[in-house]
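To start, the structure under review is shown below, and the notes come after it.
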Amino acid sequence: MNTTTEKKNRRTRRSYSAGEKAAAVLAVWSGRRRTARVCRELSVNWGILRSWEQRAIRGMRMALGDLPGEETPTRAGGVLGKRLETLLGEAATPPAMAREEMAQVEQKA
């Protein structure tokens, strides 16, 4: 096989800006678009979008000073979508990596 053919067969990996990731996550959370549609539009699999959602939740909780063991907010008058409620529930007990990140942020403050 020559190198020209090999280069054509390679997939190019697209990187997304923080703004693009945030827009995708917010489109799903707000209910404006379904997860499958966003994944198709961006040509990413569901797992990638899911990791963006988890990072967004973790970042919001860290930025707002939420600590492990605190109560997770519940639906307030139907404002939160089912998907966002699920993610907030999962984030109530952050994984070890998130706890370490939070500890590092607290030490810097």
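So you can find residues: chains in the structure tokens are A, B, ... in the order shown, residues in each start at 1, and ligands are numbered from 1 in order.
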Using only C-alpha atoms, which residues sit within 12 Å of Leu42 in chain A once same-chain residues fewer than 2 positions away are excluded, as an mmCIF file with N, CA and C atoms, in the first residue's frame?
```
data_model
loop_
_atom_site.group_PDB
_atom_site.id
_atom_site.type_symbol
_atom_site.label_atom_id
_atom_site.label_comp_id
_atom_site.auth_asym_id
_atom_site.auth_seq_id
_atom_site.Cartn_x
_atom_site.Cartn_y
_atom_site.Cartn_z
ATOM 1 N N ARG A 13 -9.700 13.635 13.157
ATOM 2 C CA ARG A 13 -10.369 13.854 14.431
ATOM 3 C C ARG A 13 -10.675 15.337 14.576
ATOM 4 N N ARG A 14 -11.913 15.655 14.794
ATOM 5 C CA ARG A 14 -12.339 17.035 14.953
ATOM 6 C C ARG A 14 -12.290 17.383 16.430
ATOM 7 N N SER A 15 -11.766 18.548 16.740
ATOM 8 C CA SER A 15 -11.796 18.998 18.134
ATOM 9 C C SER A 15 -12.835 20.116 18.228
ATOM 10 N N TYR A 16 -13.506 20.163 19.340
ATOM 11 C CA TYR A 16 -14.582 21.122 19.555
ATOM 12 C C TYR A 16 -14.172 22.115 20.625
ATOM 13 N N SER A 17 -14.543 23.370 20.409
ATOM 14 C CA SER A 17 -14.230 24.403 21.394
ATOM 15 C C SER A 17 -15.129 24.238 22.615
ATOM 16 N N GLU A 20 -18.646 25.281 21.759
ATOM 17 C CA GLU A 20 -19.412 24.293 20.994
ATOM 18 C C GLU A 20 -19.914 23.177 21.908
ATOM 19 N N LYS A 21 -19.050 22.748 22.819
ATOM 20 C CA LYS A 21 -19.446 21.706 23.761
ATOM 21 C C LYS A 21 -20.570 22.206 24.663
ATOM 22 N N ALA A 23 -22.734 24.595 24.063
ATOM 23 C CA ALA A 23 -23.958 24.753 23.279
ATOM 24 C C ALA A 23 -24.645 23.412 23.057
ATOM 25 N N ALA A 24 -23.859 22.382 22.788
ATOM 26 C CA ALA A 24 -24.420 21.043 22.576
ATOM 27 C C ALA A 24 -25.081 20.538 23.854
ATOM 28 N N VAL A 25 -24.391 20.675 24.972
ATOM 29 C CA VAL A 25 -24.920 20.204 26.251
ATOM 30 C C VAL A 25 -26.179 20.982 26.614
ATOM 31 N N THR A 35 -30.705 14.073 22.216
ATOM 32 C CA THR A 35 -29.300 13.666 22.254
ATOM 33 C C THR A 35 -28.844 13.092 20.925
ATOM 34 N N ALA A 36 -29.651 12.220 20.339
ATOM 35 C CA ALA A 36 -29.280 11.582 19.072
ATOM 36 C C ALA A 36 -29.064 12.612 17.961
ATOM 37 N N ARG A 37 -29.897 13.621 17.950
ATOM 38 C CA ARG A 37 -29.770 14.652 16.906
ATOM 39 C C ARG A 37 -28.474 15.438 17.075
ATOM 40 N N VAL A 38 -28.172 15.823 18.295
ATOM 41 C CA VAL A 38 -26.935 16.574 18.560
ATOM 42 C C VAL A 38 -25.722 15.731 18.170
ATOM 43 N N CYS A 39 -25.751 14.448 18.529
ATOM 44 C CA CYS A 39 -24.641 13.553 18.183
ATOM 45 C C CYS A 39 -24.466 13.459 16.671
ATOM 46 N N ARG A 40 -25.569 13.338 15.955
ATOM 47 C CA ARG A 40 -25.486 13.278 14.485
ATOM 48 C C ARG A 40 -24.931 14.572 13.911
ATOM 49 N N VAL A 44 -20.401 12.893 16.670
ATOM 50 C CA VAL A 44 -19.767 12.303 17.851
ATOM 51 C C VAL A 44 -20.669 11.193 18.357
ATOM 52 N N ASN A 45 -20.089 10.231 19.052
ATOM 53 C CA ASN A 45 -20.947 9.198 19.614
ATOM 54 C C ASN A 45 -21.518 9.670 20.945
ATOM 55 N N TRP A 46 -22.507 8.922 21.419
ATOM 56 C CA TRP A 46 -23.230 9.299 22.616
ATOM 57 C C TRP A 46 -22.302 9.413 23.821
ATOM 58 N N ILE A 48 -19.272 10.459 24.045
ATOM 59 C CA ILE A 48 -18.550 11.747 24.053
ATOM 60 C C ILE A 48 -19.454 12.840 24.616
ATOM 61 N N LEU A 49 -20.678 12.909 24.103
ATOM 62 C CA LEU A 49 -21.611 13.920 24.603
ATOM 63 C C LEU A 49 -21.888 13.715 26.085
#
```
TODO: Please provide as JSON, numbers by chain all residues within 9 Å of Ala22 in chain A, with the sequence filter that same-chain residues fewer than 5 positions apart are discarded (counting only C-alpha atoms).
DONE: {"A": [17, 27, 52, 53, 56]}
Task: Of the listed residues A:Gly81, A:Leu88, A:Gly47, A:Ser30, that which approaches Arg61 in chain A most closely, counting only C-alpha atoms - done: A:Leu88
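A straight line drawn from CA of Leu64 in chain A to CA of Val28 in chain A is 21.6 Å long.
Between CA of Glu41 in chain A and CA of Ile57 in chain A lies a distance of 22.3 Å.
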